[in-house]
file target30.cif (mmCIF, C-alpha atoms)
data_coords
loop_
_atom_site.label_atom_id
_atom_site.label_comp_id
_atom_site.auth_asym_id
_atom_site.auth_seq_id
_atom_site.Cartn_x
_atom_site.Cartn_y
_atom_site.Cartn_z
CA MET A 1 -19.61 64.73 -0.50
CA TYR A 2 -16.93 62.97 1.54
CA LEU A 3 -17.62 59.79 3.48
CA TYR A 4 -15.93 58.85 6.77
CA THR A 5 -16.95 56.02 9.08
CA SER A 6 -15.97 55.99 12.73
CA ARG A 7 -16.52 53.23 15.25
CA ILE A 8 -16.82 53.78 19.00
CA ARG A 9 -17.45 50.50 20.82
CA ASP A 10 -20.94 49.32 19.85
CA HIS A 11 -21.87 52.21 17.61
CA ARG A 12 -20.83 53.42 14.20
CA LEU A 13 -20.88 57.07 13.14
CA VAL A 14 -21.30 57.40 9.39
CA PHE A 15 -20.31 60.94 8.40
CA ASN A 16 -21.32 62.37 5.03
CA VAL A 17 -19.69 65.78 4.83
CA GLN A 18 -19.63 68.51 2.21
CA THR A 19 -16.01 69.66 2.28
CA GLU A 20 -12.56 68.18 2.64
CA HIS A 21 -11.96 70.48 5.60
CA LEU A 22 -14.93 69.02 7.48
CA LYS A 23 -13.74 65.51 6.69
CA GLU A 24 -10.23 66.22 7.97
CA TRP A 25 -11.59 67.80 11.15
CA ILE A 26 -13.67 64.70 11.86
CA ALA A 27 -11.03 62.16 10.77
CA SER A 28 -8.43 63.70 13.10
CA ARG A 29 -10.77 63.22 16.09
CA PHE A 30 -13.06 60.24 15.56
CA PRO A 31 -11.37 56.82 15.31
CA GLU A 32 -11.82 55.26 11.87
CA GLU A 33 -13.67 51.97 11.70
CA MET A 34 -11.38 49.03 11.09
CA ASP A 35 -12.54 45.76 9.57
CA GLU A 36 -14.81 43.58 11.70
CA PRO A 37 -12.94 40.77 13.49
CA ALA A 38 -13.07 37.67 11.30
CA ASP A 39 -13.90 35.39 14.23
CA GLY A 40 -17.37 36.88 14.52
CA SER A 41 -16.69 38.38 17.94
CA GLY A 42 -17.94 41.77 16.78
CA GLN A 43 -21.02 42.81 18.81
CA ALA A 44 -24.21 44.13 17.33
CA VAL A 45 -23.46 47.54 15.94
CA GLU A 46 -25.83 50.46 15.67
CA SER A 47 -25.24 53.03 12.95
CA ILE A 48 -25.91 56.75 13.14
CA HIS A 49 -25.92 58.85 9.99
CA LEU A 50 -24.63 62.41 10.12
CA TYR A 51 -24.89 64.77 7.13
CA ILE A 52 -22.82 67.89 7.61
CA THR A 53 -22.58 70.95 5.38
CA ASP A 54 -20.62 74.19 5.72
CA PHE A 55 -21.26 77.89 4.95
CA TYR A 56 -24.23 78.35 7.30
CA GLY A 57 -25.05 81.33 9.53
CA SER A 58 -22.58 83.69 11.16
CA MET A 59 -20.04 83.73 13.99
CA TYR A 60 -21.12 82.63 17.50
CA ASP A 61 -22.24 85.63 19.57
CA ASP A 62 -22.78 84.08 23.03
CA GLY A 63 -26.43 83.62 22.16
CA PRO A 64 -28.47 80.65 23.32
CA VAL A 65 -29.27 77.31 21.70
CA GLU A 66 -32.96 77.16 20.81
CA ILE A 67 -34.63 73.77 20.72
CA GLU A 68 -37.83 72.80 18.95
CA ASP A 69 -39.28 69.33 19.42
CA ASN A 70 -42.21 68.61 17.12
CA GLY A 71 -42.42 64.89 17.91
CA GLU A 72 -40.80 63.81 14.63
CA THR A 73 -37.62 65.85 14.76
CA VAL A 74 -35.70 67.88 17.30
CA THR A 75 -34.11 71.03 15.91
CA TYR A 76 -31.24 72.82 17.65
CA LYS A 77 -30.60 76.35 16.44
CA ARG A 78 -27.75 78.67 17.28
CA ILE A 79 -26.54 81.61 15.21
CA ASP A 80 -23.59 79.51 13.96
CA TYR A 81 -25.37 76.18 13.33
CA ARG A 82 -28.66 74.50 12.64
CA MET A 83 -29.06 70.82 13.49
CA GLU A 84 -32.10 68.72 12.79
CA VAL A 85 -32.15 65.33 14.50
CA SER A 86 -34.64 62.48 14.03
CA ALA A 87 -36.80 61.57 17.05
CA ASP A 88 -34.53 58.57 17.80
CA TYR A 89 -31.41 60.79 17.45
CA GLY A 90 -30.10 58.26 14.88
CA SER A 91 -30.03 60.66 11.94
CA VAL A 92 -28.47 64.12 12.02
CA ASP A 93 -28.65 66.93 9.46
CA LEU A 94 -26.19 69.66 10.47
CA LYS A 95 -25.24 72.97 8.86
CA VAL A 96 -22.33 74.87 10.42
CA PHE A 97 -20.51 78.20 10.24
CA ASP A 98 -17.07 77.07 11.50
CA ASP A 99 -15.14 74.52 13.60
CA LEU A 100 -16.43 75.93 16.89
CA ALA A 101 -20.00 75.46 15.69
CA LEU A 102 -19.20 71.94 14.50
CA LYS A 103 -17.75 70.93 17.85
CA HIS A 104 -20.58 72.41 19.88
CA ALA A 105 -23.22 70.81 17.67
CA LEU A 106 -21.53 67.38 17.81
CA ILE A 107 -21.24 67.57 21.62
CA THR A 108 -24.93 68.53 21.80
CA TRP A 109 -26.06 65.71 19.53
CA TYR A 110 -23.75 63.03 20.93
CA SER A 111 -24.75 63.71 24.52
CA ALA A 112 -28.45 63.68 23.60
CA TRP A 113 -28.02 60.38 21.73
CA LEU A 114 -26.09 58.73 24.58
CA ILE A 115 -28.81 59.75 27.05
CA HIS A 116 -31.66 58.76 24.74
CA ARG A 117 -30.20 55.31 24.11
CA ARG A 118 -29.11 54.92 27.77
CA LYS A 119 -25.56 54.33 26.57
CA GLY A 120 -23.73 56.88 28.68
CA LEU A 121 -22.98 60.56 29.21
CA LEU A 122 -20.77 63.36 27.94
CA ILE A 123 -19.47 65.21 30.97
CA HIS A 124 -17.87 68.66 31.03
CA SER A 125 -14.61 67.56 32.64
CA SER A 126 -11.12 66.25 32.07
CA CYS A 127 -10.09 62.65 32.57
CA VAL A 128 -6.69 61.09 33.28
CA VAL A 129 -5.55 57.45 33.61
CA GLU A 130 -3.58 56.32 36.68
CA ASN A 131 -2.87 52.68 37.63
CA GLY A 132 -5.40 51.30 35.16
CA LYS A 133 -8.30 53.50 36.31
CA ALA A 134 -9.79 56.61 34.71
CA TRP A 135 -10.22 59.60 37.04
CA ILE A 136 -12.62 62.39 36.16
CA PHE A 137 -11.92 65.99 37.22
CA VAL A 138 -14.75 68.50 37.24
CA GLY A 139 -14.97 72.06 38.39
CA HIS A 140 -16.40 75.39 37.44
CA SER A 141 -14.77 77.34 34.65
CA GLY A 142 -11.21 78.19 35.67
CA ALA A 143 -11.09 75.70 38.55
CA GLY A 144 -8.32 73.74 36.86
CA LYS A 145 -9.79 70.89 34.78
CA SER A 146 -7.39 71.33 31.88
CA THR A 147 -4.56 72.36 34.25
CA VAL A 148 -4.96 69.03 36.04
CA ALA A 149 -4.73 67.23 32.71
CA GLU A 150 -1.57 69.15 31.79
CA LEU A 151 0.02 68.58 35.21
CA SER A 152 -0.64 64.86 34.94
CA ALA A 153 1.90 64.13 32.17
CA PRO A 154 3.00 61.51 31.32
CA ARG A 155 -0.24 59.85 32.42
CA PRO A 156 -2.60 59.21 29.47
CA ILE A 157 -5.28 61.89 29.05
CA LEU A 158 -8.69 60.62 27.91
CA SER A 159 -10.35 64.03 27.76
CA ASP A 160 -9.70 67.68 28.53
CA GLU A 161 -13.17 69.13 27.99
CA ALA A 162 -15.85 66.52 27.26
CA THR A 163 -15.40 63.14 28.94
CA LEU A 164 -17.07 60.27 27.08
CA LEU A 165 -18.55 57.91 29.71
CA LEU A 166 -20.11 54.67 28.48
CA PHE A 167 -22.03 51.91 30.24
CA ASP A 168 -20.50 48.66 28.98
CA GLY A 169 -23.76 46.69 29.15
CA GLN A 170 -22.38 44.37 31.83
CA GLY A 171 -22.70 46.71 34.77
CA GLY A 172 -19.36 48.42 34.26
CA ILE A 173 -18.53 52.01 33.38
CA VAL A 174 -15.75 52.81 30.94
CA ILE A 175 -14.27 56.10 29.84
CA GLN A 176 -13.57 56.16 26.13
CA ASP A 177 -10.88 58.37 24.62
CA SER A 178 -12.80 61.56 23.84
CA PRO A 179 -13.08 62.64 20.22
CA LEU A 180 -14.06 66.14 21.38
CA ARG A 181 -11.09 67.93 22.90
CA SER A 182 -10.12 71.56 23.39
CA GLU A 183 -6.33 71.87 23.79
CA ASN A 184 -4.73 68.55 23.22
CA GLU A 185 -6.43 67.99 19.90
CA GLU A 186 -4.81 64.75 18.77
CA ARG A 187 -6.26 61.46 19.86
CA GLY A 188 -4.82 60.02 23.05
CA GLU A 189 -2.71 56.90 23.38
CA ALA A 190 -5.16 54.98 25.60
CA SER A 191 -8.46 54.12 23.94
CA SER A 192 -10.55 53.30 26.99
CA CYS A 193 -10.31 52.58 30.70
CA PRO A 194 -12.67 51.61 33.56
CA LEU A 195 -13.85 54.58 35.61
CA GLY A 196 -12.18 54.83 39.03
CA GLY A 197 -13.93 57.88 40.44
CA ILE A 198 -14.82 61.53 40.22
CA HIS A 199 -13.01 64.54 41.69
CA PHE A 200 -14.57 67.94 42.19
CA LEU A 201 -11.71 70.46 42.05
CA ILE A 202 -11.21 73.16 44.66
CA GLN A 203 -8.02 75.22 44.63
CA SER A 204 -6.45 75.37 48.05
CA PRO A 205 -3.01 75.76 49.64
CA GLU A 206 -3.55 72.43 51.40
CA VAL A 207 -3.71 69.28 49.29
CA GLN A 208 -6.29 66.76 50.48
CA ARG A 209 -9.29 64.85 49.29
CA VAL A 210 -12.57 64.39 51.12
CA ARG A 211 -15.16 61.75 50.25
CA LEU A 212 -18.48 63.18 49.09
CA GLY A 213 -21.96 61.84 49.85
CA LYS A 214 -24.01 60.39 47.01
CA VAL A 215 -26.66 63.09 46.90
CA ASP A 216 -24.04 65.85 46.69
CA THR A 217 -22.24 63.87 44.00
CA LEU A 218 -25.46 63.47 42.01
CA ILE A 219 -26.18 67.18 42.19
CA GLY A 220 -22.62 68.07 41.19
CA LEU A 221 -22.52 65.56 38.34
CA MET A 222 -25.89 66.52 36.82
CA ASP A 223 -24.69 70.07 36.61
CA LYS A 224 -21.73 68.97 34.44
CA VAL A 225 -23.51 66.78 31.91
CA PHE A 226 -23.81 68.37 28.47
CA TYR A 227 -27.58 68.50 28.26
CA TRP A 228 -30.07 70.93 26.79
CA LYS A 229 -33.46 70.29 28.32
CA HIS A 230 -36.40 69.87 26.01
CA SER A 231 -38.25 66.81 27.27
CA LYS A 232 -39.05 65.51 30.76
CA LEU A 233 -38.53 61.94 29.59
CA GLU A 234 -35.00 62.68 28.39
CA THR A 235 -34.24 64.69 31.55
CA GLY A 236 -35.41 61.70 33.60
CA LYS A 237 -33.06 59.42 31.65
CA MET A 238 -30.18 61.84 32.19
CA ILE A 239 -30.82 61.78 35.94
CA ALA A 240 -31.05 57.97 35.92
CA ALA A 241 -27.70 57.74 34.11
CA CYS A 242 -26.08 60.08 36.65
CA ARG A 243 -27.52 58.00 39.50
CA GLU A 244 -26.00 54.86 38.03
CA VAL A 245 -22.58 56.52 37.95
CA VAL A 246 -22.98 57.79 41.53
CA GLU A 247 -23.99 54.33 42.78
CA LYS A 248 -20.95 52.68 41.18
CA VAL A 249 -17.94 54.91 41.78
CA PRO A 250 -16.71 57.07 44.66
CA ALA A 251 -16.50 60.85 44.43
CA TYR A 252 -14.37 63.36 46.31
CA ASN A 253 -13.76 67.04 46.79
CA LEU A 254 -10.13 67.42 45.77
CA TYR A 255 -8.35 70.40 47.32
CA PHE A 256 -5.31 70.96 45.17
CA GLN A 257 -2.52 73.36 44.23
CA LYS A 258 -1.40 73.88 40.67
CA ASN A 259 1.21 71.13 40.78
CA ASP A 260 1.03 67.36 40.60
CA ALA A 261 1.13 66.73 44.40
CA PHE A 262 -2.57 65.82 44.33
CA TRP A 263 -1.76 62.46 42.70
CA GLY A 264 -0.31 61.45 46.07
CA GLN A 265 -3.85 61.71 47.47
CA ILE A 266 -5.42 59.64 44.69
CA SER A 267 -3.10 56.68 44.24
CA MET B 1 -46.63 80.72 57.15
CA THR B 2 -49.48 78.84 58.81
CA ILE B 3 -51.11 75.94 57.02
CA SER B 4 -54.42 74.71 58.34
CA ALA B 5 -54.54 71.00 59.15
CA GLY B 6 -57.26 70.18 56.63
CA ARG B 7 -55.94 71.93 53.54
CA ILE B 8 -55.11 69.72 50.56
CA LEU B 9 -51.39 69.68 49.74
CA ARG B 10 -50.41 68.76 46.21
CA ARG B 11 -46.99 67.60 45.12
CA GLN B 12 -45.70 69.17 41.93
CA GLU B 13 -46.15 66.42 39.33
CA SER B 14 -42.90 66.88 37.46
CA VAL B 15 -40.69 66.09 40.45
CA GLU B 16 -38.51 63.01 40.56
CA SER B 17 -37.14 61.92 43.92
CA ALA B 18 -34.09 59.82 44.66
CA GLU B 19 -32.85 58.36 47.95
CA MET B 20 -29.21 57.51 48.41
CA ASP B 21 -27.52 56.59 51.69
CA GLY B 22 -30.31 58.12 53.77
CA GLU B 23 -30.29 61.46 51.97
CA TRP B 24 -32.95 62.55 49.51
CA VAL B 25 -32.94 64.79 46.51
CA LEU B 26 -36.04 66.23 44.84
CA LEU B 27 -35.52 67.13 41.20
CA ASP B 28 -38.03 69.32 39.42
CA LEU B 29 -37.90 68.30 35.76
CA ASP B 30 -39.75 71.46 34.69
CA SER B 31 -37.58 74.07 36.34
CA HIS B 32 -34.43 71.91 36.76
CA SER B 33 -34.34 72.96 40.39
CA ILE B 34 -32.69 70.58 42.83
CA THR B 35 -33.65 70.36 46.49
CA LYS B 36 -31.67 68.24 48.94
CA VAL B 37 -33.59 67.02 51.97
CA ASN B 38 -32.85 64.87 55.01
CA GLU B 39 -34.41 61.50 55.81
CA MET B 40 -37.44 63.02 57.54
CA GLY B 41 -37.99 65.30 54.54
CA GLY B 42 -37.84 62.33 52.20
CA TYR B 43 -40.33 60.46 54.38
CA ILE B 44 -42.76 63.39 54.35
CA TRP B 45 -42.39 63.73 50.57
CA GLU B 46 -43.24 60.04 50.08
CA GLN B 47 -46.23 60.22 52.46
CA LEU B 48 -47.60 63.24 50.59
CA GLU B 49 -48.47 60.97 47.69
CA HIS B 50 -51.35 59.40 49.62
CA HIS B 51 -51.73 61.50 52.80
CA ASN B 52 -52.24 64.98 51.52
CA THR B 53 -53.30 67.11 54.45
CA LEU B 54 -51.13 68.39 57.24
CA GLY B 55 -53.34 66.58 59.77
CA GLN B 56 -52.79 63.22 58.06
CA LEU B 57 -49.05 63.87 57.75
CA ILE B 58 -48.76 64.62 61.46
CA ASP B 59 -50.51 61.32 62.26
CA ARG B 60 -48.11 59.41 60.00
CA ILE B 61 -44.97 61.05 61.41
CA ALA B 62 -46.11 60.63 65.02
CA SER B 63 -46.63 56.89 64.54
CA GLU B 64 -43.63 56.21 62.27
CA TYR B 65 -41.08 58.04 64.44
CA ASP B 66 -42.87 57.43 67.74
CA VAL B 67 -42.97 61.12 68.70
CA ASP B 68 -45.84 63.14 70.15
CA ARG B 69 -48.09 65.06 67.78
CA GLU B 70 -46.68 68.44 68.80
CA VAL B 71 -43.14 67.48 67.72
CA ALA B 72 -44.49 65.91 64.51
CA ARG B 73 -46.52 69.04 63.78
CA ARG B 74 -43.47 71.31 64.10
CA ASP B 75 -41.37 69.13 61.80
CA ALA B 76 -44.10 68.79 59.21
CA GLU B 77 -44.99 72.49 59.21
CA VAL B 78 -41.42 73.66 58.73
CA PHE B 79 -40.81 71.21 55.91
CA ILE B 80 -44.10 71.80 54.12
CA ALA B 81 -43.66 75.58 54.33
CA GLU B 82 -40.24 75.15 52.69
CA LEU B 83 -41.64 72.91 49.94
CA ILE B 84 -44.33 75.50 49.23
CA ARG B 85 -41.73 78.26 49.18
CA VAL B 86 -39.58 76.49 46.55
CA GLY B 87 -42.64 75.53 44.51
CA LEU B 88 -42.53 71.75 44.98
CA VAL B 89 -45.90 71.69 46.78
CA THR B 90 -49.03 73.77 46.28
CA HIS B 91 -51.86 74.10 48.75
CA GLY B 92 -55.41 74.85 47.75
#

call {"tool": "encode", "arguments": {"input": "target30.cif", "output": "structure tokens"}}
result
Amino acid sequence: MYLYTSRIRDHRLVFNVQTEHLKEWIASRFPEEMDEPADGSGQAVESIHLYITDFYGSMYDDGPVEIEDNGETVTYKRIDYRMEVSADYGSVDLKVFDDLALKHALITWYSAWLIHRRKGLLIHSSCVVENGKAWIFVGHSGAGKSTVAELSAPRPILSDEATLLLFDGQGGIVIQDSPLRSENEERGEASSCPLGGIHFLIQSPEVQRVRLGKVDTLIGLMDKVFYWKHSKLETGKMIAACREVVEKVPAYNLYFQKNDAFWGQIS
Amino acid sequence: MTISAGRILRRQESVESAEMDGEWVLLDLDSHSITKVNEMGGYIWEQLEHHNTLGQLIDRIASEYDVDREVARRDAEVFIAELIRVGLVTHG
């Protein structure tokens, strides 16, 4: 087995993986834990243990994720992975077929853990930094989330597929550089940034942005959280987390063309 | 749909409601359905917790919004019929 320890703000992901390939995949995405600051300023850290093995199942076939919750463990099953998670989501036993399975399983677990611990959300979106604020872009498949990220160079990109949103414990919301990316696989240059707002993308010949009401924002945001329902309590927590985001940052419909003119509307 | 004034109306138990800036959203945790309602709808939904017949609702709306019972009845009937249609309320 190979050991790799990653640290994301107040939590530590301890990976025990079967193959060198798995270790390299994880190490190229999740930031490695550095030594604790000697001045004792390190906050309380919570550790999650993930055991990952390869050579399971067969190639993904567009089939569903099945979830079984027996009170002690939650088991997620798809044709290309099987993931058993402890009731507190703090221990993960994952068997995968390939990299696609690994990424999907990690998104599924991480989002469930963030919601369970009321730490944050993983949102199906891209996120770009401008003037010290992180801006989330969401839209249906093909609406231009990753296009927006590409068009935004040289602005730092925090995510292109799964935005990692964290509550900082002091009432603020920060976007952390996402370890789970689709195109731009290497880690970004910015590690985290306060959230400025959310944009729902609509392609249009006319570039403009229109402020959205909170209820519409809540509905739109809930639809984009990576979440597989299996418990009313967890669904309630997911909704509460979305509400907190909606109460704290503005949201807009962004009508845009496939060029970078839309930044003129944002900043 | 006509609903008689004395029938008991029951809110679906698994629904969470949220009010933001005068708009309401009713979220059914079982079916994951989302229903957006206006301020009057949110008021009726809240009242349904303790005033669970159409007759009682009409009394509440008429006094809260200072409208005559006929106006209150029309508002309440339309809204309740919609809640029944989407499965957020049952009537027995």

call {"tool": "interface_residues", "arguments": {"input": "target30.cif", "of": "chain B", "to": "chain A", "cutoff": "9 Å", "atoms": "only C-alpha atoms", "output": "NGL selection string"}}
result
:B and (14 or 16 or 18-21 or 23-25 or 27 or 29-30 or 32 or 34 or 36)

call {"tool": "write_last_selection", "arguments": {"input": "target30.cif", "atoms": "C-alpha atoms", "output": "short mmCIF file (atom, residue, chain, number, x, y, z; two decimals), in the coordinates of the input"}}
result
data_model
loop_
_atom_site.label_atom_id
_atom_site.label_comp_id
_atom_site.auth_asym_id
_atom_site.auth_seq_id
_atom_site.Cartn_x
_atom_site.Cartn_y
_atom_site.Cartn_z
CA SER B 14 -42.90 66.88 37.46
CA GLU B 16 -38.51 63.01 40.56
CA ALA B 18 -34.09 59.82 44.66
CA GLU B 19 -32.85 58.36 47.95
CA MET B 20 -29.21 57.51 48.41
CA ASP B 21 -27.52 56.59 51.69
CA GLU B 23 -30.29 61.46 51.97
CA TRP B 24 -32.95 62.55 49.51
CA VAL B 25 -32.94 64.79 46.51
CA LEU B 27 -35.52 67.13 41.20
CA LEU B 29 -37.90 68.30 35.76
CA ASP B 30 -39.75 71.46 34.69
CA HIS B 32 -34.43 71.91 36.76
CA ILE B 34 -32.69 70.58 42.83
CA LYS B 36 -31.67 68.24 48.94
#

call {"tool": "atom_distance", "arguments": {"input": "target30.cif", "atom1": "atom CA of A:Gln18", "atom2": "atom CA of A:Val96"}}
result
10.7 Å

call {"tool": "atom_distance", "arguments": {"input": "target30.cif", "atom1": "atom CA of B:Arg69", "atom2": "atom CA of B:Arg7"}}
result
17.7 Å

call {"tool": "resolve_selection", "arguments": {"input": "target30.cif", "expression": "the PyMOL selection byres ((chain B and resi 70-73) around 12)", "output": "JSON, numbers by chain"}}
result
{"B": [2, 3, 4, 5, 40, 41, 44, 53, 54, 55, 56, 57, 58, 59, 60, 61, 62, 63, 64, 65, 66, 67, 68, 69, 74, 75, 76, 77, 78, 79, 80, 81]}

call {"tool": "write_last_selection", "arguments": {"input": "target30.cif", "atoms": "C-alpha atoms", "output": "mmCIF file, in the coordinates of the input"}}
result
data_model
loop_
_atom_site.group_PDB
_atom_site.id
_atom_site.type_symbol
_atom_site.label_atom_id
_atom_site.label_comp_id
_atom_site.auth_asym_id
_atom_site.auth_seq_id
_atom_site.Cartn_x
_atom_site.Cartn_y
_atom_site.Cartn_z
ATOM 1 C CA THR B 2 -49.480 78.840 58.810
ATOM 2 C CA ILE B 3 -51.110 75.940 57.020
ATOM 3 C CA SER B 4 -54.420 74.710 58.340
ATOM 4 C CA ALA B 5 -54.540 71.000 59.150
ATOM 5 C CA MET B 40 -37.440 63.020 57.540
ATOM 6 C CA GLY B 41 -37.990 65.300 54.540
ATOM 7 C CA ILE B 44 -42.760 63.390 54.350
ATOM 8 C CA THR B 53 -53.300 67.110 54.450
ATOM 9 C CA LEU B 54 -51.130 68.390 57.240
ATOM 10 C CA GLY B 55 -53.340 66.580 59.770
ATOM 11 C CA GLN B 56 -52.790 63.220 58.060
ATOM 12 C CA LEU B 57 -49.050 63.870 57.750
ATOM 13 C CA ILE B 58 -48.760 64.620 61.460
ATOM 14 C CA ASP B 59 -50.510 61.320 62.260
ATOM 15 C CA ARG B 60 -48.110 59.410 60.000
ATOM 16 C CA ILE B 61 -44.970 61.050 61.410
ATOM 17 C CA ALA B 62 -46.110 60.630 65.020
ATOM 18 C CA SER B 63 -46.630 56.890 64.540
ATOM 19 C CA GLU B 64 -43.630 56.210 62.270
ATOM 20 C CA TYR B 65 -41.080 58.040 64.440
ATOM 21 C CA ASP B 66 -42.870 57.430 67.740
ATOM 22 C CA VAL B 67 -42.970 61.120 68.700
ATOM 23 C CA ASP B 68 -45.840 63.140 70.150
ATOM 24 C CA ARG B 69 -48.090 65.060 67.780
ATOM 25 C CA ARG B 74 -43.470 71.310 64.100
ATOM 26 C CA ASP B 75 -41.370 69.130 61.800
ATOM 27 C CA ALA B 76 -44.100 68.790 59.210
ATOM 28 C CA GLU B 77 -44.990 72.490 59.210
ATOM 29 C CA VAL B 78 -41.420 73.660 58.730
ATOM 30 C CA PHE B 79 -40.810 71.210 55.910
ATOM 31 C CA ILE B 80 -44.100 71.800 54.120
ATOM 32 C CA ALA B 81 -43.660 75.580 54.330
#

call {"tool": "resolve_selection", "arguments": {"input": "target30.cif", "expression": "the PyMOL selection byres ((chain A and resi 167) around 10)", "output": "compact mmCIF listing (two decimals) with C-alpha atoms, in the coordinates of the input"}}
result
# COMPACT_ATOMS: atom_id res chain seq x y z
CA LEU A 114 -26.09 58.73 24.58
CA ARG A 118 -29.11 54.92 27.77
CA LYS A 119 -25.56 54.33 26.57
CA GLY A 120 -23.73 56.88 28.68
CA LEU A 121 -22.98 60.56 29.21
CA LEU A 165 -18.55 57.91 29.71
CA LEU A 166 -20.11 54.67 28.48
CA ASP A 168 -20.50 48.66 28.98
CA GLY A 169 -23.76 46.69 29.15
CA GLN A 170 -22.38 44.37 31.83
CA GLY A 171 -22.70 46.71 34.77
CA GLY A 172 -19.36 48.42 34.26
CA ILE A 173 -18.53 52.01 33.38
CA VAL A 174 -15.75 52.81 30.94
CA ILE A 175 -14.27 56.10 29.84
CA PRO A 194 -12.67 51.61 33.56
CA ALA A 241 -27.70 57.74 34.11
CA GLU A 244 -26.00 54.86 38.03
CA VAL A 245 -22.58 56.52 37.95

call {"tool": "resolve_selection", "arguments": {"input": "target30.cif", "expression": "the PyMOL selection byres ((chain A and resi 81) around 8)", "output": "PDB file with C-alpha atoms, in the frame of the given file"}}
result
ATOM      1  CA  TYR A  56     -24.230  78.350   7.300  1.00  0.00           C
ATOM      2  CA  GLY A  57     -25.050  81.330   9.530  1.00  0.00           C
ATOM      3  CA  LYS A  77     -30.600  76.350  16.440  1.00  0.00           C
ATOM      4  CA  ARG A  78     -27.750  78.670  17.280  1.00  0.00           C
ATOM      5  CA  ILE A  79     -26.540  81.610  15.210  1.00  0.00           C
ATOM      6  CA  ASP A  80     -23.590  79.510  13.960  1.00  0.00           C
ATOM      7  CA  ARG A  82     -28.660  74.500  12.640  1.00  0.00           C
ATOM      8  CA  MET A  83     -29.060  70.820  13.490  1.00  0.00           C
ATOM      9  CA  LEU A  94     -26.190  69.660  10.470  1.00  0.00           C
ATOM     10  CA  LYS A  95     -25.240  72.970   8.860  1.00  0.00           C
ATOM     11  CA  VAL A  96     -22.330  74.870  10.420  1.00  0.00           C
ATOM     12  CA  PHE A  97     -20.510  78.200  10.240  1.00  0.00           C
ATOM     13  CA  ALA A 101     -20.000  75.460  15.690  1.00  0.00           C
ATOM     14  CA  LEU A 102     -19.200  71.940  14.500  1.00  0.00           C
ATOM     15  CA  ALA A 105     -23.220  70.810  17.670  1.00  0.00           C
TER      16      ALA A 105
END

call {"tool": "closest_residue", "arguments": {"input": "target30.cif", "among": "B:Asn52, B:Ile8, B:Leu26, B:Glu39", "to": "B:Leu88", "atoms": "all atoms listed in the file"}}
result
B:Leu26

call {"tool": "residues_near_point", "arguments": {"input": "target30.cif", "point": "(-4.6, 67.2, 49.5)", "cutoff": "8 Å", "atoms": "all atoms listed in the file", "output": "mmCIF file with C-alpha atoms, in the frame of the given file"}}
result
data_model
loop_
_atom_site.group_PDB
_atom_site.id
_atom_site.type_symbol
_atom_site.label_atom_id
_atom_site.label_comp_id
_atom_site.auth_asym_id
_atom_site.auth_seq_id
_atom_site.Cartn_x
_atom_site.Cartn_y
_atom_site.Cartn_z
ATOM 1 C CA GLU A 206 -3.550 72.430 51.400
ATOM 2 C CA VAL A 207 -3.710 69.280 49.290
ATOM 3 C CA GLN A 208 -6.290 66.760 50.480
ATOM 4 C CA ARG A 209 -9.290 64.850 49.290
ATOM 5 C CA LEU A 254 -10.130 67.420 45.770
ATOM 6 C CA TYR A 255 -8.350 70.400 47.320
ATOM 7 C CA PHE A 256 -5.310 70.960 45.170
ATOM 8 C CA ALA A 261 1.130 66.730 44.400
ATOM 9 C CA PHE A 262 -2.570 65.820 44.330
ATOM 10 C CA GLY A 264 -0.310 61.450 46.070
ATOM 11 C CA GLN A 265 -3.850 61.710 47.470
#
